[in-house]
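Participant: Below is protein-v2.cif; it holds mmCIF, C-alpha atoms (C1' of nucleotides).
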```
data_entry
loop_
_atom_site.label_atom_id
_atom_site.label_comp_id
_atom_site.auth_asym_id
_atom_site.auth_seq_id
_atom_site.Cartn_x
_atom_site.Cartn_y
_atom_site.Cartn_z
CA MET I 47 0.00 0.00 0.00
CA GLY I 48 1.27 3.48 -0.83
CA ARG I 49 4.34 4.67 -2.60
CA THR I 50 7.63 3.00 -1.61
CA ARG I 51 10.53 5.01 -0.25
CA THR I 52 13.05 5.93 -2.94
CA PHE I 53 16.03 6.50 -0.66
CA ASP I 54 17.75 4.03 1.63
CA VAL I 55 17.22 5.01 5.26
CA ASP I 56 20.47 3.52 6.54
CA GLU I 57 22.43 5.06 3.70
CA ALA I 58 20.93 8.46 4.44
CA LEU I 59 21.68 7.94 8.14
CA ASP I 60 25.32 7.23 7.32
CA ILE I 61 25.57 10.44 5.33
CA ALA I 62 23.92 12.37 8.16
CA LEU I 63 26.38 10.71 10.53
CA ASP I 64 29.39 11.96 8.59
CA THR I 65 27.87 15.43 8.27
CA PHE I 66 27.07 15.81 11.98
CA TRP I 67 30.44 14.25 12.83
CA GLU I 68 32.39 16.75 10.77
CA ARG I 69 30.34 19.88 11.42
CA GLY I 70 28.63 19.37 14.76
CA PHE I 71 24.93 19.71 15.59
CA ASP I 72 24.51 23.48 15.34
CA GLY I 73 26.93 23.66 12.43
CA THR I 74 24.73 21.33 10.38
CA SER I 75 21.57 22.91 8.99
CA ILE I 76 18.68 20.88 7.64
CA GLN I 77 19.37 22.39 4.25
CA VAL I 78 22.98 21.16 4.24
CA LEU I 79 21.80 17.80 5.49
CA CYS I 80 19.21 17.53 2.71
CA ARG I 81 21.73 18.41 0.04
CA ALA I 82 24.21 15.83 1.37
CA MET I 83 21.57 13.10 1.65
CA ASP I 84 19.87 14.14 -1.59
CA VAL I 85 16.49 14.06 0.13
CA GLN I 86 13.95 16.86 0.48
CA PRO I 87 13.07 18.42 3.86
CA GLY I 88 9.55 16.97 3.84
CA SER I 89 10.89 13.46 3.40
CA VAL I 90 13.47 13.91 6.13
CA TYR I 91 10.83 15.03 8.60
CA ALA I 92 8.52 12.20 7.55
CA ALA I 93 11.23 9.61 8.01
CA PHE I 94 13.13 10.87 11.05
CA GLY I 95 11.12 13.54 12.87
CA THR I 96 12.81 16.71 14.11
CA LYS I 97 16.48 17.58 13.71
CA ARG I 98 17.13 16.40 17.26
CA ASP I 99 15.34 13.11 16.59
CA LEU I 100 17.50 12.58 13.54
CA PHE I 101 20.56 13.38 15.60
CA VAL I 102 19.63 10.80 18.20
CA ALA I 103 19.16 8.22 15.45
CA VAL I 104 22.58 9.15 14.06
CA LEU I 105 24.07 8.83 17.52
CA ARG I 106 22.54 5.39 17.94
CA ARG I 107 23.96 4.34 14.58
CA TYR I 108 27.37 5.65 15.60
CA LEU I 109 27.33 3.64 18.80
CA GLU I 110 26.17 0.48 17.02
CA THR I 111 28.74 0.63 14.23
CA VAL I 112 31.78 2.87 14.75
CA SER I 113 31.97 2.67 18.52
CA ALA I 114 30.97 -0.98 18.87
CA ASP I 115 33.59 -1.94 16.29
CA ALA I 116 36.28 -0.16 18.30
CA VAL I 117 35.29 -1.63 21.66
CA GLN I 118 35.04 -5.07 20.09
CA ARG I 119 38.82 -5.02 19.68
CA ILE I 120 39.37 -4.78 23.42
CA ASN I 121 37.45 -7.92 24.26
CA SER I 122 38.26 -10.18 21.30
CA ALA I 123 42.04 -9.98 21.70
CA PRO I 124 44.18 -12.92 22.84
CA SER I 125 45.19 -11.05 26.01
CA GLY I 126 44.17 -8.04 28.06
CA ILE I 127 47.20 -6.01 27.07
CA ARG I 128 46.85 -6.93 23.41
CA GLY I 129 43.23 -5.82 23.52
CA LEU I 130 44.21 -2.40 24.78
CA ARG I 131 47.09 -2.08 22.30
CA ASP I 132 44.83 -3.09 19.40
CA TYR I 133 42.17 -0.61 20.48
CA PHE I 134 44.59 2.29 20.63
CA ALA I 135 46.36 1.30 17.40
CA HIS I 136 43.02 1.30 15.60
CA LEU I 137 42.16 4.66 17.17
CA VAL I 138 45.40 6.24 15.97
CA ASP I 139 44.95 4.85 12.46
CA ALA I 140 41.42 6.19 12.17
CA MET I 141 42.48 9.59 13.50
CA VAL I 142 45.24 9.90 10.91
CA ASP I 143 43.49 8.36 7.91
CA GLY I 144 39.85 7.70 8.61
CA ARG I 145 36.70 9.29 9.89
CA ARG I 146 38.14 9.89 13.33
CA ARG I 147 40.06 12.83 11.91
CA TRP I 148 36.94 14.66 13.13
CA GLY I 149 37.49 13.17 16.58
CA CYS I 150 34.71 11.15 18.19
CA LEU I 151 31.05 12.01 17.65
CA VAL I 152 30.25 11.31 21.30
CA THR I 153 33.08 13.49 22.58
CA ASN I 154 32.27 16.30 20.16
CA SER I 155 28.58 16.22 21.01
CA LEU I 156 29.24 15.94 24.72
CA VAL I 157 31.31 19.12 24.57
CA GLU I 158 28.80 20.93 22.38
CA LEU I 159 25.49 19.82 23.87
CA ALA I 160 25.84 18.34 27.36
CA GLU I 161 25.34 21.68 29.07
CA ARG I 162 21.99 22.41 27.45
CA ASP I 163 20.50 18.92 26.85
CA PRO I 164 20.47 16.81 30.02
CA ASP I 165 18.94 13.80 28.25
CA LEU I 166 21.74 13.67 25.72
CA ALA I 167 24.24 14.29 28.53
CA GLY I 168 22.96 11.14 30.23
CA LEU I 169 23.41 9.18 27.03
CA PHE I 170 26.98 10.42 26.66
CA GLN I 171 27.78 9.62 30.26
CA LEU I 172 26.38 6.12 29.79
CA HIS I 173 28.61 5.54 26.79
CA LEU I 174 31.68 6.75 28.69
CA ALA I 175 30.82 4.46 31.57
CA GLY I 176 30.59 1.54 29.13
CA LEU I 177 34.00 2.28 27.69
CA ARG I 178 35.40 2.59 31.19
CA THR I 179 34.00 -0.84 32.04
CA SER I 180 35.66 -2.34 28.97
CA PHE I 181 38.96 -0.83 29.98
CA ALA I 182 38.55 -2.11 33.52
CA GLY I 183 37.84 -5.60 32.17
CA ALA I 184 40.96 -5.62 30.02
CA ILE I 185 43.02 -4.33 32.93
CA ALA I 186 41.69 -7.01 35.26
CA ARG I 187 42.47 -9.61 32.62
CA ALA I 188 46.02 -8.28 32.18
CA ARG I 189 46.46 -8.38 35.94
CA ALA I 190 45.47 -12.04 35.98
CA GLU I 191 47.85 -12.68 33.11
CA GLY I 192 50.69 -11.08 35.07
CA ASP I 193 51.34 -8.36 32.53
CA LEU I 194 50.67 -5.39 34.77
CA ARG I 195 52.88 -3.13 36.80
CA PRO I 196 52.17 -3.74 40.52
CA ALA I 197 51.09 -0.13 41.06
CA ALA I 198 48.52 -0.19 38.25
CA GLY I 199 45.08 -0.61 39.77
CA PRO I 200 41.50 -0.36 38.58
CA GLU I 201 41.66 3.45 38.70
CA SER I 202 43.83 3.12 35.60
CA ALA I 203 40.59 2.63 33.66
CA ASP I 204 39.67 6.24 34.42
CA LEU I 205 43.07 7.37 33.22
CA LEU I 206 42.68 5.50 29.93
CA LEU I 207 39.21 7.00 29.52
CA ALA I 208 40.66 10.49 29.97
CA VAL I 209 43.49 9.77 27.55
CA VAL I 210 41.05 8.62 24.87
CA GLN I 211 38.91 11.73 25.33
CA GLY I 212 42.07 13.83 25.14
CA MET I 213 43.19 12.10 21.95
CA ASN I 214 39.75 12.77 20.48
CA VAL I 215 40.26 16.47 21.16
CA MET I 216 43.81 16.48 19.84
CA ALA I 217 42.74 14.63 16.70
CA LYS I 218 40.82 17.75 15.64
CA THR I 219 44.12 19.64 15.35
CA HIS I 220 45.43 16.96 12.94
CA PRO I 221 48.72 16.56 14.77
CA GLY I 222 50.16 13.72 12.68
CA ARG I 223 50.63 10.09 13.59
CA ALA I 224 53.75 10.51 15.74
CA VAL I 225 52.09 12.59 18.45
CA LEU I 226 49.00 10.40 18.74
CA GLN I 227 51.08 7.23 18.74
CA SER I 228 53.33 8.68 21.42
CA VAL I 229 50.35 9.49 23.63
CA ALA I 230 48.88 6.02 23.27
CA ASP I 231 52.23 4.32 23.88
CA ALA I 232 52.99 6.44 26.93
CA ALA I 233 49.58 5.70 28.42
CA LEU I 234 49.93 1.95 27.97
CA ASP I 235 53.59 1.78 28.92
CA GLY I 236 52.59 3.26 32.25
CA LEU I 237 50.44 0.18 32.84
CA VAL I 238 52.44 -2.81 31.64
CA ALA I 239 55.23 -4.41 33.62
CA PRO I 240 58.66 -3.08 32.61
CA GLY I 241 60.40 -5.08 29.88
CA ASP I 242 57.12 -6.79 29.03
CA ARG I 243 56.22 -5.37 25.64
CA MET X 195 35.79 64.08 23.37
CA GLY X 196 32.18 63.01 23.13
CA ARG X 197 30.12 60.92 25.48
CA THR X 198 32.04 58.56 27.75
CA ARG X 199 31.30 54.84 27.80
CA THR X 200 28.90 53.91 30.60
CA PHE X 201 29.85 50.26 30.86
CA ASP X 202 33.21 48.78 31.78
CA VAL X 203 34.73 46.97 28.82
CA ASP X 204 36.69 44.42 30.84
CA GLU X 205 33.69 43.73 33.03
CA ALA X 206 31.52 43.14 29.99
CA LEU X 207 34.24 40.96 28.52
CA ASP X 208 34.27 38.85 31.67
CA ILE X 209 30.52 38.34 31.44
CA ALA X 210 30.83 37.44 27.77
CA LEU X 211 33.60 35.02 28.72
CA ASP X 212 31.39 33.18 31.18
CA THR X 213 28.52 33.10 28.71
CA PHE X 214 30.57 31.73 25.82
CA TRP X 215 32.32 29.35 28.20
CA GLU X 216 29.08 27.86 29.44
CA ARG X 217 27.07 27.85 26.22
CA GLY X 218 29.60 27.74 23.39
CA PHE X 219 29.87 30.02 20.36
CA ASP X 220 26.80 28.94 18.41
CA GLY X 221 24.81 28.45 21.59
CA THR X 222 25.31 32.10 22.57
CA SER X 223 23.20 34.60 20.62
CA ILE X 224 23.95 38.31 20.56
CA GLN X 225 20.64 38.86 22.29
CA VAL X 226 21.54 36.57 25.18
CA LEU X 227 24.95 38.20 25.36
CA CYS X 228 23.41 41.69 25.49
CA ARG X 229 21.03 40.71 28.25
CA ALA X 230 23.88 39.17 30.30
CA MET X 231 26.18 42.17 29.78
CA ASP X 232 23.30 44.66 30.14
CA VAL X 233 24.47 46.44 26.99
CA GLN X 234 22.53 47.10 23.80
CA PRO X 235 23.45 45.48 20.46
CA GLY X 236 24.56 48.76 18.91
CA SER X 237 27.00 49.39 21.74
CA VAL X 238 28.36 45.86 21.54
CA TYR X 239 29.09 46.22 17.84
CA ALA X 240 30.59 49.67 18.37
CA ALA X 241 32.88 48.39 21.12
CA PHE X 242 33.83 44.92 19.90
CA GLY X 243 32.92 44.50 16.22
CA THR X 244 31.26 41.30 15.00
CA LYS X 245 30.35 38.33 17.16
CA ARG X 246 33.48 36.55 16.03
CA ASP X 247 35.61 39.58 16.90
CA LEU X 248 34.09 39.65 20.35
CA PHE X 249 34.75 35.93 20.70
CA VAL X 250 38.41 36.40 19.81
CA ALA X 251 38.66 39.17 22.41
CA VAL X 252 37.04 36.86 24.96
CA LEU X 253 39.49 34.12 24.01
CA ARG X 254 42.42 36.47 24.47
CA ARG X 255 41.10 37.47 27.87
CA TYR X 256 40.71 33.80 28.83
CA LEU X 257 44.31 33.06 27.87
CA GLU X 258 45.62 36.11 29.73
CA THR X 259 43.72 35.44 32.95
CA VAL X 260 42.32 31.95 33.49
CA SER X 261 44.86 30.03 31.48
CA ALA X 262 47.91 32.09 32.42
CA ASP X 263 46.98 31.74 36.09
CA ALA X 264 46.89 27.96 35.74
CA VAL X 265 50.17 27.66 33.83
CA GLN X 266 51.81 30.01 36.30
CA ARG X 267 51.47 27.28 38.92
CA ILE X 268 53.69 24.93 36.94
CA ASN X 269 56.65 27.25 36.78
CA SER X 270 56.50 28.99 40.14
CA ALA X 271 56.59 25.81 42.22
CA PRO X 272 59.56 24.77 44.37
CA SER X 273 60.14 21.68 42.21
CA GLY X 274 59.14 20.25 38.84
CA ILE X 275 56.96 17.58 40.38
CA ARG X 276 55.32 20.02 42.77
CA GLY X 277 54.55 22.31 39.85
CA LEU X 278 52.70 19.55 38.06
CA ARG X 279 50.88 18.43 41.20
CA ASP X 280 49.82 22.00 41.98
CA TYR X 281 48.62 22.52 38.43
CA PHE X 282 46.44 19.40 38.47
CA ALA X 283 45.16 20.04 41.98
CA HIS X 284 44.01 23.49 40.93
CA LEU X 285 42.43 22.02 37.79
CA VAL X 286 40.43 19.49 39.80
CA ASP X 287 39.27 22.11 42.27
CA ALA X 288 38.07 24.44 39.53
CA MET X 289 36.29 21.58 37.77
CA VAL X 290 34.39 20.61 40.90
CA ASP X 291 33.68 24.05 42.31
CA GLY X 292 34.66 26.80 39.91
CA ARG X 293 34.23 27.95 36.38
CA ARG X 294 35.96 24.91 34.95
CA ARG X 295 32.80 22.93 35.58
CA TRP X 296 32.15 23.99 31.97
CA GLY X 297 35.49 22.48 30.96
CA CYS X 298 38.09 24.64 29.25
CA LEU X 299 37.10 27.38 26.84
CA VAL X 300 39.94 26.49 24.49
CA THR X 301 39.06 22.80 24.46
CA ASN X 302 35.37 23.49 24.01
CA SER X 303 35.98 25.96 21.19
CA LEU X 304 38.55 23.71 19.53
CA VAL X 305 36.01 20.93 19.38
CA GLU X 306 33.21 23.21 18.20
CA LEU X 307 35.03 25.48 15.75
CA ALA X 308 38.40 24.11 14.61
CA GLU X 309 36.91 22.28 11.64
CA ARG X 310 35.32 25.37 10.12
CA ASP X 311 37.62 28.21 11.23
CA PRO X 312 41.26 27.54 10.36
CA ASP X 313 42.47 30.80 11.92
CA LEU X 314 40.95 29.93 15.27
CA ALA X 315 42.26 26.38 14.88
CA GLY X 316 45.78 27.80 14.60
CA LEU X 317 45.25 29.81 17.77
CA PHE X 318 44.04 26.74 19.66
CA GLN X 319 46.97 24.67 18.41
CA LEU X 320 49.37 27.40 19.53
CA HIS X 321 47.89 27.37 23.01
CA LEU X 322 48.16 23.59 23.25
CA ALA X 323 51.78 23.77 22.11
CA GLY X 324 52.47 26.33 24.83
CA LEU X 325 50.95 24.12 27.51
CA ARG X 326 52.94 21.16 26.18
CA THR X 327 56.13 23.22 26.47
CA SER X 328 55.34 24.07 30.09
CA PHE X 329 54.80 20.40 30.86
CA ALA X 330 58.06 19.51 29.11
CA GLY X 331 59.89 22.12 31.17
CA ALA X 332 58.52 20.78 34.44
CA ILE X 333 59.37 17.24 33.40
CA ALA X 334 62.93 18.21 32.49
CA ARG X 335 63.25 19.93 35.84
CA ALA X 336 61.92 16.90 37.69
CA ARG X 337 64.39 14.74 35.80
CA ALA X 338 67.25 16.94 36.92
CA GLU X 339 65.92 16.79 40.46
CA GLY X 340 65.94 12.98 40.32
CA ASP X 341 62.20 12.64 40.92
CA LEU X 342 61.34 10.86 37.71
CA ARG X 343 60.86 7.25 36.82
CA PRO X 344 63.69 6.20 34.44
CA ALA X 345 61.26 5.32 31.64
CA ALA X 346 59.54 8.71 31.71
CA GLY X 347 60.86 10.80 28.82
CA PRO X 348 59.90 14.04 27.14
CA GLU X 349 57.05 12.31 25.30
CA SER X 350 55.33 12.29 28.69
CA ALA X 351 54.49 15.95 28.01
CA ASP X 352 52.19 14.81 25.19
CA LEU X 353 50.54 12.32 27.52
CA LEU X 354 49.90 15.01 30.13
CA LEU X 355 48.49 17.27 27.44
CA ALA X 356 46.08 14.53 26.37
CA VAL X 357 45.10 13.82 29.98
CA VAL X 358 44.26 17.49 30.58
CA GLN X 359 42.17 17.64 27.40
CA GLY X 360 40.42 14.47 28.49
CA MET X 361 39.72 15.87 31.94
CA ASN X 362 38.28 18.98 30.31
CA VAL X 363 35.86 16.75 28.41
CA MET X 364 35.00 14.66 31.44
CA ALA X 365 34.43 17.79 33.54
CA LYS X 366 31.36 18.52 31.41
CA THR X 367 29.72 15.34 32.75
CA HIS X 368 30.24 16.61 36.33
CA PRO X 369 31.70 13.32 37.55
CA GLY X 370 32.56 14.41 41.09
CA ARG X 371 35.95 15.06 42.62
CA ALA X 372 36.97 11.44 43.13
CA VAL X 373 37.09 10.54 39.45
CA LEU X 374 38.98 13.66 38.40
CA GLN X 375 41.40 13.33 41.28
CA SER X 376 42.00 9.70 40.42
CA VAL X 377 42.78 10.57 36.80
CA ALA X 378 45.23 13.29 37.78
CA ASP X 379 46.91 11.09 40.38
CA ALA X 380 47.22 8.14 38.02
CA ALA X 381 48.75 10.34 35.33
CA LEU X 382 51.34 11.81 37.67
CA ASP X 383 52.08 8.57 39.54
CA GLY X 384 53.06 7.12 36.17
CA LEU X 385 55.81 9.72 35.96
CA VAL X 386 57.32 9.97 39.43
CA ALA X 387 59.82 7.51 40.84
CA PRO X 388 58.12 4.82 42.96
CA GLY X 389 57.94 5.66 46.62
CA ASP X 390 58.75 9.28 45.94
CA ARG X 391 55.50 11.06 46.57
"C1'" DG G 522 27.08 77.77 26.35
"C1'" DA G 523 27.27 76.60 21.22
"C1'" DG G 524 28.94 73.20 18.26
"C1'" DA G 525 30.99 68.99 17.33
"C1'" DT G 526 31.68 64.41 18.56
"C1'" DT G 527 30.82 60.03 20.55
"C1'" DG G 528 28.03 56.65 22.91
"C1'" DA G 529 23.33 54.50 24.31
"C1'" DC G 530 19.14 52.97 23.02
"C1'" DG G 531 16.09 50.04 20.66
"C1'" DA G 532 13.60 49.49 16.46
"C1'" DA G 533 14.45 47.83 11.85
"C1'" DT G 534 16.68 44.84 8.20
"C1'" DG G 535 17.62 40.99 5.58
"C1'" DT G 536 19.01 36.32 5.90
"C1'" DC G 537 18.85 31.74 7.36
"C1'" DC G 538 16.88 28.46 10.37
"C1'" DG G 539 13.73 24.45 11.56
"C1'" DT G 540 9.47 22.98 10.31
"C1'" DT G 541 5.03 22.48 7.75
"C1'" DC G 542 2.06 22.53 3.80
"C1'" DT G 543 0.42 21.68 -0.88
"C1'" DA G 544 0.54 19.25 -5.14
"C1'" DG G 545 1.42 15.52 -7.55
"C1'" DA G 546 3.63 10.84 -8.40
"C1'" DA G 547 3.97 6.03 -7.29
"C1'" DT G 548 2.30 1.92 -5.21
"C1'" DG G 549 -1.13 -1.45 -3.06
"C1'" DT G 550 -6.07 -3.36 -3.03
"C1'" DG G 551 -10.66 -4.28 -4.96
"C1'" DC S 755 -9.19 0.90 -13.74
"C1'" DA S 756 -10.59 3.47 -9.56
"C1'" DC S 757 -9.50 4.29 -4.88
"C1'" DA S 758 -6.89 4.81 -0.74
"C1'" DT S 759 -2.46 5.32 0.84
"C1'" DT S 760 2.24 6.70 1.17
"C1'" DC S 761 5.79 8.77 -0.72
"C1'" DT S 762 8.52 13.04 -3.22
"C1'" DA S 763 9.30 17.76 -4.56
"C1'" DG S 764 9.80 22.14 -3.27
"C1'" DA S 765 7.44 26.34 -2.02
"C1'" DA S 766 5.95 28.64 2.11
"C1'" DC S 767 5.94 29.98 7.07
"C1'" DG S 768 7.03 32.06 11.41
"C1'" DG S 769 10.71 32.94 14.24
"C1'" DA S 770 15.44 33.84 15.54
"C1'" DC S 771 19.67 35.28 14.11
"C1'" DA S 772 23.65 38.75 13.27
"C1'" DT S 773 24.03 43.24 12.03
"C1'" DT S 774 22.82 48.23 10.99
"C1'" DC S 775 20.46 52.59 11.49
"C1'" DG S 776 18.22 56.68 13.31
"C1'" DT S 777 17.47 59.32 17.25
"C1'" DC S 778 18.67 61.26 21.33
"C1'" DA S 779 21.80 61.94 25.47
"C1'" DA S 780 26.19 63.01 27.32
"C1'" DT S 781 30.66 64.95 27.14
"C1'" DC S 782 34.67 67.75 25.19
"C1'" DT S 783 36.62 72.11 23.10
"C1'" DC S 784 36.53 76.93 22.40
#
```
Would you write out, as structure tokens, the structure that this file holds?
Facilitator:
Amino acid sequence: MGRTRTFDVDEALDIALDTFWERGFDGTSIQVLCRAMDVQPGSVYAAFGTKRDLFVAVLRRYLETVSADAVQRINSAPSGIRGLRDYFAHLVDAMVDGRRRWGCLVTNSLVELAERDPDLAGLFQLHLAGLRTSFAGAIARARAEGDLRPAAGPESADLLLAVVQGMNVMAKTHPGRAVLQSVADAALDGLVAPGDR
Amino acid sequence: MGRTRTFDVDEALDIALDTFWERGFDGTSIQVLCRAMDVQPGSVYAAFGTKRDLFVAVLRRYLETVSADAVQRINSAPSGIRGLRDYFAHLVDAMVDGRRRWGCLVTNSLVELAERDPDLAGLFQLHLAGLRTSFAGAIARARAEGDLRPAAGPESADLLLAVVQGMNVMAKTHPGRAVLQSVADAALDGLVAPGDR
DNA sequence: GAGATTGACGAATGTCCGTTCTAGAATGTG
DNA sequence: CACATTCTAGAACGGACATTCGTCAATCTC
């Protein structure tokens, strides 16, 4: 019944994702969005609701694809330390070459919107807590595997979380691979037992 | 000659600073700004030029007061390590109690504007480089004073820079003192020689 | 104190924003 | 093939935005 949609919703969502990611929420007008997606305003509102609704859908898609893919690397590694190293290596690569040259959509949006949108702020905080838990899991695993410096405790998960947020900020200045790599290495070298790399 | 200004420029600039700091560039309309400063649009444009001009003036004021005050703590301490500890302690305090509960104006603006305003991006990058240099100086001093872990090198300045940026992001989620303190402690404990705190 | 100059006020301007509306095109059902 | 339904295209809408302008008030110089 009725006319069938002529554009692919997920495809349009991916384009909206890249647009919001690069330009931020306020920096992305519906008009720009429509041009990028090649869809008219009426259709956008019919399919996604308001601009904020669309943004939430984009955010969900980001968490399910980009973010989930990154976190996956922590847990599916052969060891706790390797999981962390793989995660950071992938982060650095994506910041130099890939879409993470715009930083992280969650970090960017947290900085831009948390102060004025408590609901979104809660969502961001939840995501950060999830990442922290993944870090804590990998650290606990590394501890069991004997790869950790004695002084490194569970509070190291908070440090890693801060380092990742900081790298997300620094990525927006396009500092080159060396700097980002150095930050990641320094953060992890502070955890692992000396001479165990 | 002619009528004298009835509002204090620096005072107005401080109010604009707080407003931009809390709400961001796009989130702060001229109207909101005028209401906060208790100055009419015409006077604002006569005194400061465009919104972007005003923002640059605000940024300069931030660097000369808030930021300079923070960096000052690094260099004026009795030792390299103490300088770093004082700096982070002050950061945590301001994030819990003070104006840094909105993060850092430079970090916030970098995330919001760097992608679309290359001139501002250069200014942000310059500021980050300056902070990095201060960290490097304190680290070199601590090395000379024998307070540093052997593995800690100059690349630790980049790590500290990332940690500060990350704390600025996390501050916007209002995580409470414990988390921020733990991040700062973990970052510094990774530098100092064991049992030398 | 007259004239010139500068600032304050606040209404006005044009543009762009998010959103909605109208018209028509495409599909499903009888 | 008619009808109901759901989509697309794009014009239209009200409001908010950054910025400017016109009018009047205050201050300086002579």
Participant: Determine which residues of chain I sit within 8 Å of chain X, taking into account all atoms listed in the file, and present them as a PDB file with C-alpha atoms, in the coordinates of the input.
Facilitator:
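Full text of out-v4.pdb as output:
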```pdb
ATOM      1  CA  GLU I  68      32.390  16.750  10.770  1.00  0.00           C
ATOM      2  CA  ARG I  69      30.340  19.880  11.420  1.00  0.00           C
ATOM      3  CA  GLY I  70      28.630  19.370  14.760  1.00  0.00           C
ATOM      4  CA  ASP I  72      24.510  23.480  15.340  1.00  0.00           C
ATOM      5  CA  GLY I  73      26.930  23.660  12.430  1.00  0.00           C
ATOM      6  CA  TRP I 148      36.940  14.660  13.130  1.00  0.00           C
ATOM      7  CA  THR I 153      33.080  13.490  22.580  1.00  0.00           C
ATOM      8  CA  ASN I 154      32.270  16.300  20.160  1.00  0.00           C
ATOM      9  CA  LEU I 156      29.240  15.940  24.720  1.00  0.00           C
ATOM     10  CA  VAL I 157      31.310  19.120  24.570  1.00  0.00           C
ATOM     11  CA  GLU I 158      28.800  20.930  22.380  1.00  0.00           C
ATOM     12  CA  ALA I 160      25.840  18.340  27.360  1.00  0.00           C
ATOM     13  CA  GLU I 161      25.340  21.680  29.070  1.00  0.00           C
ATOM     14  CA  ARG I 162      21.990  22.410  27.450  1.00  0.00           C
ATOM     15  CA  ALA I 167      24.240  14.290  28.530  1.00  0.00           C
ATOM     16  CA  GLN I 171      27.780   9.620  30.260  1.00  0.00           C
ATOM     17  CA  GLU I 201      41.660   3.450  38.700  1.00  0.00           C
ATOM     18  CA  SER I 202      43.830   3.120  35.600  1.00  0.00           C
ATOM     19  CA  ASP I 204      39.670   6.240  34.420  1.00  0.00           C
ATOM     20  CA  LEU I 205      43.070   7.370  33.220  1.00  0.00           C
ATOM     21  CA  LEU I 207      39.210   7.000  29.520  1.00  0.00           C
ATOM     22  CA  ALA I 208      40.660  10.490  29.970  1.00  0.00           C
ATOM     23  CA  VAL I 209      43.490   9.770  27.550  1.00  0.00           C
ATOM     24  CA  VAL I 210      41.050   8.620  24.870  1.00  0.00           C
ATOM     25  CA  GLN I 211      38.910  11.730  25.330  1.00  0.00           C
ATOM     26  CA  GLY I 212      42.070  13.830  25.140  1.00  0.00           C
ATOM     27  CA  MET I 213      43.190  12.100  21.950  1.00  0.00           C
ATOM     28  CA  VAL I 215      40.260  16.470  21.160  1.00  0.00           C
ATOM     29  CA  MET I 216      43.810  16.480  19.840  1.00  0.00           C
ATOM     30  CA  LYS I 218      40.820  17.750  15.640  1.00  0.00           C
ATOM     31  CA  THR I 219      44.120  19.640  15.350  1.00  0.00           C
ATOM     32  CA  VAL I 225      52.090  12.590  18.450  1.00  0.00           C
ATOM     33  CA  SER I 228      53.330   8.680  21.420  1.00  0.00           C
ATOM     34  CA  VAL I 229      50.350   9.490  23.630  1.00  0.00           C
ATOM     35  CA  ALA I 230      48.880   6.020  23.270  1.00  0.00           C
ATOM     36  CA  ALA I 232      52.990   6.440  26.930  1.00  0.00           C
ATOM     37  CA  ALA I 233      49.580   5.700  28.420  1.00  0.00           C
ATOM     38  CA  GLY I 236      52.590   3.260  32.250  1.00  0.00           C
TER      39      GLY I 236
END
```
Participant: Residues within 12 Å of (35.5, -3.2, 17.8), file coordinates, counting all atoms listed in the file: what are they? Give the list as an MDAnalysis selection string.
Facilitator: chainID I and resid 109:123 129:130 132:137 177 180
Participant: Selected by the PyMOL selection byres ((chain I) within 6 of (chain G)) in the shown coordinates: which residues, as a count of residues only?
Facilitator: 3
Participant: Could you tell me which residues the PyMOL selection byres ((chain S) within 9 of (chain I)) returns for this structure, as a PyMOL selection string?
Facilitator: chain S and resi 758-764
Participant: Using CA of Arg294 (chain X) and CA of Asp212 (chain X) as the two end points, give the distance in Å to one decimal.
Facilitator: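 Interatomic distance here is 10.2 Å.
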Participant: Hey, can you check how far CA of Lys97 (chain I) sits from C1' of DC767 (chain S)?
Facilitator: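 Atom-to-atom, CA of Lys97 (chain I) to C1' of DC767 (chain S), that is 17.6 Å.
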Participant: CA of Met231 (chain X) and CA of Arg255 (chain X) are how many Å apart?
Facilitator: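 About the pair CA of Met231 (chain X) and CA of Arg255 (chain X): they are 15.8 Å apart.
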